[in-house]
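Visitor: The file below is coords-v8.txt, compact mmCIF, C-alpha atoms and all ligand atoms:
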```txt
# COMPACT_ATOMS: atom_id res chain seq x y z
CA MET A 1 103.66 147.25 83.43
CA VAL A 2 106.66 144.95 83.83
CA GLU A 3 109.94 146.54 82.96
CA GLN A 4 112.55 144.34 81.43
CA SER A 5 116.14 145.35 81.25
CA LEU A 6 118.59 143.81 78.87
CA GLN A 7 122.27 143.55 79.70
CA PHE A 8 124.49 144.51 76.81
CA PRO A 9 126.24 143.01 75.01
CA VAL A 10 123.62 140.28 74.69
CA LYS A 11 125.28 136.92 74.24
CA ILE A 12 123.38 134.92 71.67
CA ASP A 13 124.54 131.38 71.32
CA LEU A 14 122.70 129.99 68.34
CA LYS A 15 123.59 126.60 66.98
CA PHE A 16 122.40 125.33 63.63
CA PRO A 17 122.63 121.55 63.46
CA LEU A 18 122.79 120.05 60.00
CA PRO A 19 120.96 116.82 59.09
CA ASP A 20 124.22 114.87 58.96
CA GLY A 21 125.18 115.80 62.54
CA ARG A 22 127.64 118.59 61.75
CA MET A 23 127.05 122.17 62.83
CA LEU A 24 126.69 125.10 60.49
CA VAL A 25 129.79 127.30 60.80
CA GLN A 26 129.18 129.51 63.83
CA GLY A 27 129.94 133.18 64.02
CA PRO A 28 131.55 135.52 64.34
CA LEU A 29 132.01 135.16 60.62
CA THR A 30 134.85 137.11 59.08
CA TYR A 31 133.67 136.46 55.53
CA ASN A 32 130.18 135.54 54.39
CA THR A 33 129.72 136.14 50.71
CA ASP A 34 130.24 134.61 47.26
CA GLY A 35 129.35 131.11 48.49
CA LEU A 36 131.86 131.14 51.35
CA ALA A 37 131.20 131.61 55.08
CA THR A 38 134.10 131.30 57.47
CA GLN A 39 135.54 132.41 60.78
CA HIS A 40 139.04 132.45 59.38
CA ASN A 41 141.32 135.41 59.16
CA CYS A 42 140.91 137.53 56.02
CA GLU A 43 143.12 140.47 56.92
CA PHE A 44 144.37 140.45 53.34
CA ILE A 45 141.24 142.45 52.45
CA LYS A 46 142.63 145.44 54.35
CA ASP A 47 146.10 145.24 52.87
CA PRO A 48 146.45 148.52 50.88
CA ARG A 49 148.12 146.84 47.90
CA PHE A 50 145.38 144.22 47.73
CA ALA A 51 142.63 146.81 48.29
CA ALA A 52 143.90 148.98 45.43
CA ALA A 53 144.19 146.01 43.08
CA TYR A 54 140.74 144.71 44.02
CA ALA A 55 139.17 148.16 43.62
CA PHE A 56 140.64 148.51 40.14
CA GLY A 57 139.51 145.00 39.19
CA MET A 58 135.97 145.83 40.29
CA THR A 59 135.88 149.05 38.24
CA ASP A 60 132.86 148.84 35.95
CA GLY A 61 132.15 145.40 37.43
CA PRO A 62 128.93 144.13 38.98
CA ALA A 63 127.83 146.57 41.67
CA GLY A 64 127.32 145.16 45.15
CA ARG A 65 129.20 141.92 44.57
CA HIS A 66 132.07 140.82 46.77
CA LEU A 67 134.68 138.48 45.34
CA GLU A 68 137.62 139.41 47.54
CA TRP A 69 138.68 135.88 48.43
CA ARG A 70 138.54 134.69 44.81
CA VAL A 71 140.65 137.66 43.75
CA HIS A 72 143.05 137.01 46.62
CA MET A 73 143.54 133.47 45.30
CA ALA A 74 144.13 134.73 41.76
CA ILE A 75 146.67 137.28 42.94
CA TRP A 76 148.57 134.73 45.01
CA VAL A 77 148.76 132.35 42.05
CA ALA A 78 149.87 135.16 39.73
CA VAL A 79 152.61 136.24 42.15
CA GLN A 80 154.00 132.69 42.12
CA ALA A 81 153.67 132.48 38.34
CA ALA A 82 155.56 135.75 37.93
CA GLN A 83 158.66 133.93 39.12
CA LEU A 84 158.44 131.59 36.13
CA GLU A 85 159.15 132.13 32.45
CA GLY A 86 156.12 132.85 30.31
CA ASP A 87 153.19 135.07 29.44
CA PHE A 88 149.82 135.37 31.17
CA ILE A 89 146.42 134.64 29.66
CA GLU A 90 142.78 134.84 30.68
CA CYS A 91 140.06 133.10 28.68
CA GLY A 92 136.79 134.70 29.78
CA VAL A 93 137.46 138.31 30.78
CA ASN A 94 134.08 140.03 30.83
CA THR A 95 134.65 143.31 32.75
CA GLY A 96 138.13 142.14 33.80
CA ILE A 97 137.81 141.74 37.56
CA VAL A 98 140.49 139.06 37.97
CA SER A 99 142.88 140.32 35.30
CA GLY A 100 142.49 143.97 36.28
CA ALA A 101 143.34 143.10 39.89
CA VAL A 102 146.25 140.82 38.98
CA MET A 103 147.78 143.35 36.57
CA THR A 104 147.46 146.15 39.12
CA TYR A 105 148.94 144.07 41.92
CA LEU A 106 151.89 142.95 39.77
CA ASP A 107 152.36 146.42 38.26
CA PHE A 108 152.28 144.66 34.93
CA ALA A 109 153.41 147.64 32.83
CA LYS A 110 156.82 147.28 34.45
CA ARG A 111 156.99 143.69 33.23
CA ALA A 112 157.60 144.68 29.65
CA ASP A 113 159.00 141.26 28.80
CA ARG A 114 155.58 139.68 29.34
CA THR A 115 152.23 139.96 27.61
CA TYR A 116 148.86 139.43 29.28
CA TYR A 117 146.42 138.02 26.72
CA LEU A 118 142.74 138.74 27.40
CA LEU A 119 140.30 136.66 25.37
CA ASP A 120 136.53 136.99 25.30
CA THR A 121 133.68 137.12 22.81
CA PHE A 122 132.45 140.13 24.82
CA ALA A 123 129.09 138.76 23.67
CA GLY A 124 128.63 135.90 26.09
CA ILE A 125 129.00 132.16 25.66
CA PRO A 126 128.39 131.13 22.04
CA GLU A 127 125.00 129.37 22.11
CA GLU A 128 126.29 126.41 20.09
CA GLN A 129 128.88 125.67 22.82
CA ILE A 130 126.22 125.16 25.51
CA THR A 131 125.16 121.53 25.78
CA ASP A 132 121.64 120.45 26.76
CA SER A 133 122.96 119.25 30.13
CA GLU A 134 124.54 122.65 30.79
CA ARG A 135 121.34 124.37 29.69
CA LYS A 136 119.38 122.32 32.24
CA LEU A 137 121.60 123.75 34.99
CA GLY A 138 120.88 127.31 33.87
CA VAL A 139 124.13 128.09 32.06
CA ALA A 140 122.32 129.64 29.07
CA GLY A 141 120.21 131.72 31.44
CA MET A 142 123.30 133.29 33.02
CA ASN A 143 124.51 134.36 29.61
CA ALA A 144 122.48 137.57 29.32
CA LYS A 145 124.72 139.38 31.81
CA TYR A 146 127.82 138.70 29.70
CA GLN A 147 126.42 139.92 26.37
CA GLY A 148 127.65 143.50 26.55
CA GLY A 149 128.87 143.61 22.94
CA ASP A 150 130.50 146.78 21.61
CA SER A 151 129.94 148.87 24.73
CA LEU A 152 131.46 146.19 26.99
CA PHE A 153 134.40 145.79 24.64
CA ALA A 154 134.98 149.57 24.51
CA MET A 155 134.86 149.72 28.31
CA VAL A 156 137.39 146.89 28.66
CA GLN A 157 139.65 148.53 26.06
CA ARG A 158 139.63 151.70 28.17
CA LYS A 159 140.19 149.78 31.38
CA PHE A 160 143.26 147.93 30.10
CA ALA A 161 144.70 150.79 28.00
CA ARG A 162 147.08 151.66 30.87
CA TRP A 163 149.04 148.47 30.12
CA PRO A 164 150.83 148.45 26.78
CA ASN A 165 151.52 144.75 27.31
CA ALA A 166 147.81 143.82 27.64
CA LYS A 167 146.50 142.29 24.42
CA LEU A 168 142.74 142.06 24.04
CA ILE A 169 141.48 139.43 21.61
CA ARG A 170 137.80 139.55 20.78
CA GLY A 171 136.07 136.43 19.51
CA ARG A 172 135.29 132.84 20.22
CA VAL A 173 137.69 130.51 22.02
CA PRO A 174 139.06 128.17 20.69
CA ASP A 175 139.07 129.96 17.28
CA THR A 176 140.89 133.03 18.63
CA LEU A 177 143.69 131.00 20.22
CA ALA A 178 145.34 131.13 16.78
CA GLU A 179 145.81 134.89 17.34
CA VAL A 180 147.87 134.30 20.47
CA SER A 181 151.47 134.37 19.37
CA ALA A 182 153.06 133.42 22.71
CA GLN A 183 154.68 130.02 22.95
CA GLN A 184 155.14 129.85 26.71
CA PHE A 185 152.79 130.61 29.60
CA ALA A 186 153.30 130.89 33.35
CA PHE A 187 149.70 131.74 34.30
CA ALA A 188 146.26 131.08 32.89
CA SER A 189 142.86 132.01 34.28
CA ILE A 190 140.08 130.01 32.66
CA ASP A 191 136.59 131.38 33.25
CA MET A 192 134.18 130.77 30.36
CA ASN A 193 131.39 129.03 32.32
CA VAL A 194 131.05 126.20 29.81
CA VAL A 195 132.92 122.98 29.05
CA GLU A 196 133.74 123.07 25.33
CA PRO A 197 136.02 126.13 25.02
CA GLU A 198 137.59 125.54 28.45
CA ILE A 199 138.84 122.07 27.61
CA ALA A 200 139.88 123.17 24.12
CA ALA A 201 141.89 126.00 25.70
CA ALA A 202 143.42 123.54 28.18
CA GLU A 203 144.57 121.18 25.43
CA TRP A 204 146.05 124.12 23.54
CA LEU A 205 147.77 125.45 26.67
CA TRP A 206 149.18 122.18 27.96
CA PRO A 207 152.31 121.99 25.77
CA LYS A 208 152.90 125.74 26.19
CA LEU A 209 152.75 125.86 29.99
CA SER A 210 156.06 126.34 31.75
CA PRO A 211 157.06 123.62 34.20
CA GLY A 212 155.35 124.71 37.43
CA GLY A 213 152.98 126.98 35.45
CA PHE A 214 149.54 127.55 37.00
CA VAL A 215 145.99 127.29 35.68
CA LEU A 216 143.23 128.79 37.80
CA LEU A 217 139.67 127.60 37.13
CA ASP A 218 137.00 130.00 38.27
CA ASP A 219 133.98 127.69 38.11
CA TYR A 220 135.36 124.34 39.25
CA GLY A 221 133.40 123.97 42.50
CA TRP A 222 130.21 125.83 41.66
CA ALA A 223 127.06 123.67 41.50
CA PRO A 224 125.70 124.98 38.17
CA HIS A 225 129.10 124.22 36.62
CA ILE A 226 129.35 120.59 37.64
CA HIS A 227 129.83 119.58 33.97
CA GLN A 228 132.96 121.72 33.84
CA LYS A 229 134.25 119.99 36.98
CA ARG A 230 133.58 116.58 35.47
CA ALA A 231 135.37 117.55 32.24
CA TRP A 232 138.34 119.05 34.11
CA ASP A 233 138.60 115.90 36.22
CA VAL A 234 138.82 113.79 33.04
CA PHE A 235 141.45 116.19 31.66
CA ALA A 236 143.42 115.96 34.91
CA LYS A 237 143.36 112.18 34.86
CA GLN A 238 144.55 112.07 31.26
CA LYS A 239 147.42 114.41 32.03
CA GLY A 240 148.32 112.81 35.38
CA ILE A 241 147.72 115.96 37.43
CA GLU A 242 145.56 116.78 40.45
CA ILE A 243 143.21 119.73 40.75
CA LEU A 244 143.08 121.56 44.07
CA SER A 245 139.49 122.39 45.10
CA LEU A 246 139.52 125.82 46.69
CA PRO A 247 136.81 126.85 49.18
CA THR A 248 136.04 129.83 46.96
CA GLY A 249 134.66 127.50 44.28
CA GLN A 250 137.79 127.87 42.19
CA GLY A 251 140.10 125.04 41.13
CA LEU A 252 143.85 125.20 40.71
CA TRP A 253 146.33 122.98 38.93
CA MET A 254 149.97 123.15 38.05
CA LYS A 255 151.95 121.72 35.15
CA PRO A 256 154.39 119.24 36.67
CA ARG A 257 157.98 120.41 36.83
C1 LIG B 1 132.15 134.82 34.25
S1 LIG B 1 132.63 135.78 32.90
C2 LIG B 1 134.33 136.08 33.18
C3 LIG B 1 134.62 136.96 34.36
C4 LIG B 1 136.07 137.40 34.45
N1 LIG B 1 136.97 136.28 34.61
C5 LIG B 1 136.32 138.43 35.50
O1 LIG B 1 137.29 138.27 36.27
O2 LIG B 1 135.59 139.42 35.56
C6 LIG B 1 132.63 134.61 31.60
C7 LIG B 1 133.05 135.20 30.27
O3 LIG B 1 133.39 134.14 29.37
C8 LIG B 1 133.11 134.57 28.07
N2 LIG B 1 133.04 133.41 27.18
C9 LIG B 1 132.25 132.34 27.30
N3 LIG B 1 132.49 131.46 26.30
C10 LIG B 1 133.47 131.99 25.55
C11 LIG B 1 134.14 131.57 24.37
N4 LIG B 1 133.87 130.40 23.79
N5 LIG B 1 135.10 132.36 23.87
C12 LIG B 1 135.40 133.55 24.46
N6 LIG B 1 134.78 134.00 25.57
C13 LIG B 1 133.82 133.24 26.11
C14 LIG B 1 131.78 135.31 28.21
O4 LIG B 1 131.58 136.20 27.15
C15 LIG B 1 131.95 136.01 29.57
O5 LIG B 1 132.37 137.33 29.41
```
Please, can you express the file's structure as structure tokens?
Ligand SMILES: C[S@@+](CC[C@H](N)C(=O)[O-])C[C@H]1O[C@@H](n2cnc3c(N)ncnc32)[C@H](O)[C@@H]1O

Guide:
Amino acid sequence: MVEQSLQFPVKIDLKFPLPDGRMLVQGPLTYNTDGLATQHNCEFIKDPRFAAAYAFGMTDGPAGRHLEWRVHMAIWVAVQAAQLEGDFIECGVNTGIVSGAVMTYLDFAKRADRTYYLLDTFAGIPEEQITDSERKLGVAGMNAKYQGGDSLFAMVQRKFARWPNAKLIRGRVPDTLAEVSAQQFAFASIDMNVVEPEIAAAEWLWPKLSPGGFVLLDDYGWAPHIHQKRAWDVFAKQKGIEILSLPTGQGLWMKPR
């Protein structure tokens, strides 16, 4: 019998060449989830203030999913927006991961002069808003996980009850935008997974956004949501703005000052 001894640690130097000549990002990876693999520093995950905000955002959210970098982006944008005049709004709340984290991080109850509007059908994307092209990319198929109805709404009511300045509005965007009384916004998170209500919300928001106000798009870079990207790019061109593509799949734009 031949004995083999391994020296530890074993150095494994694997390279994964891609067809176009580049190399797949090599380890050690610091982050490898939610469509993003990188070697870059993500110490923010361990920051206690971030960790508490993220944990609250994930309460009652999808078990086993990791969206830390997306939430980090949202929090950073919200912190900048908090220096501007205006309310906050999210169109597409579901279990409230992003908004729950942002409100916790900003200690929103202490910001009594601002309201955070939270709009969702709590019953998924209205079928009539999904185009055939979006259907072909599986957008309708994703919808089942968002159709929580009364129990989802009750859960979100409980989750946001700690903030007297959180206003939940249940129903279909753009119809429900009429129930939003605010005239000025500093921050908007748009995450409805489908073109029609997102662009309608953007047109409604545009005149109400503060100079320098931010709009964060959750789906901008995700392959099944390419129609949203195309529509947002048309919107951006019409308004003379540029959308920042974030490596998390999000997009970010700012109303010019
Ligand atoms: C991906 S989820 C939002 C996730 C959320 N941003 C978070 O941080 O947890 C998309 C949500 O958009 C909602 N939605 C889609 N179309 C809508 C519409 N026209 N009006 C209101 N809500 C809509 C769905 O019901 C679903 O809950």

Visitor: Within 9 Å of ligand LIG 1 (chain B), counting only C-alpha atoms and all ligand atoms, which protein or nucleic acid residues do you find, written as a ChimeraX atom specification?

Guide: /A:57-58,61-62,71,90-101,119-127,129-130,143,145-149,169-176,189-198,218-219

Visitor: List as an MDAnalysis selection string the residues having at least one atom at most 12 Å from position (127.1, 120.7, 40.9) as given in the file, counting all atoms listed in the file.

Guide: chainID A and resid 133:134 136:139 219:230 249

Visitor: Which of these, A:Pro164, A:Pro256, A:Leu106, A:Tyr117, has the shortest distance to Trp76 (chain A) once you count only C-alpha atoms?

Guide: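 Of A:Pro164, A:Pro256, A:Leu106, A:Tyr117, the one nearest Trp76 (chain A), counting only C-alpha atoms, is A:Leu106.
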
Visitor: Using all atoms listed in the file, pick whichever of A:Ala52, A:Val234, A:Met23, A:Leu118 has the shortest atom-to-atom distance to Ile89 (chain A).

Guide: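 Among the listed residues, the smallest separation from Ile89 (chain A) belongs to A:Leu118.
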
Visitor: To one decimal place, how far is CA of Trp204 (chain A) from CA of Gln83 (chain A) in Å?

Guide: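 About the pair CA of Trp204 (chain A) and CA of Gln83 (chain A): they are 22.3 Å apart.
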
Visitor: State, in Å with one decimal place, the distance from CA of Ala166 (chain A) to CA of Phe108 (chain A).

Guide: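 Interatomic distance, CA of Ala166 (chain A) to CA of Phe108 (chain A): 8.6 Å.
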
Visitor: Between CA of Ala202 (chain A) and CA of Leu36 (chain A), what distance in Å does the model show, to one decimal?

Guide: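 These atoms are spaced 27.0 Å apart.
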
Visitor: Counting only C-alpha atoms, which of A:Pro247, A:Trp253, A:Glu68, A:Ala140 gets nearest to Asp233 (chain A)?

Guide: A:Trp253

Visitor: Taking into account all atoms listed in the file, which residue in the set A:Asn165, A:Thr59, A:Gln80, A:Thr30 is nearest to Asp113 (chain A)?

Guide: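 Using all atoms listed in the file, Asp113 (chain A) sits closest to A:Asn165.
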
Visitor: Between A:Arg114, A:Leu244, A:Ser151, A:Ser181, which residue has the minimum interatomic distance to Leu84 (chain A), considering all atoms listed in the file?

Guide: A:Arg114

Visitor: Excluding Gln39 (chain A) and its own-chain neighbours fewer than 3 positions away, which residues fall within 9 Å of it when counting only C-alpha atoms? Please give them as a ChimeraX atom specification.

Guide: /A:25-32,42

Visitor: The selected residues should be written to file as an mmCIF file, in the coordinates of the input (atoms: C-alpha atoms).

Guide:
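Listing of again.cif after writing:
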```cif
data_model
loop_
_atom_site.group_PDB
_atom_site.id
_atom_site.type_symbol
_atom_site.label_atom_id
_atom_site.label_comp_id
_atom_site.auth_asym_id
_atom_site.auth_seq_id
_atom_site.Cartn_x
_atom_site.Cartn_y
_atom_site.Cartn_z
ATOM 1 C CA VAL A 25 129.790 127.300 60.800
ATOM 2 C CA GLN A 26 129.180 129.510 63.830
ATOM 3 C CA GLY A 27 129.940 133.180 64.020
ATOM 4 C CA PRO A 28 131.550 135.520 64.340
ATOM 5 C CA LEU A 29 132.010 135.160 60.620
ATOM 6 C CA THR A 30 134.850 137.110 59.080
ATOM 7 C CA TYR A 31 133.670 136.460 55.530
ATOM 8 C CA ASN A 32 130.180 135.540 54.390
ATOM 9 C CA CYS A 42 140.910 137.530 56.020
#
```

Visitor: Find the smallest box with edges along x, y and z containing every listed atom of region 178-195 of chain A, then add 8 Å on each side and report centre and edge lengths in Å to one decimal, as JSON.

Guide:
```
{"center_x": 143.1, "center_y": 128.9, "center_z": 25.5, "size_x": 40.1, "size_y": 27.9, "size_z": 33.5}
```
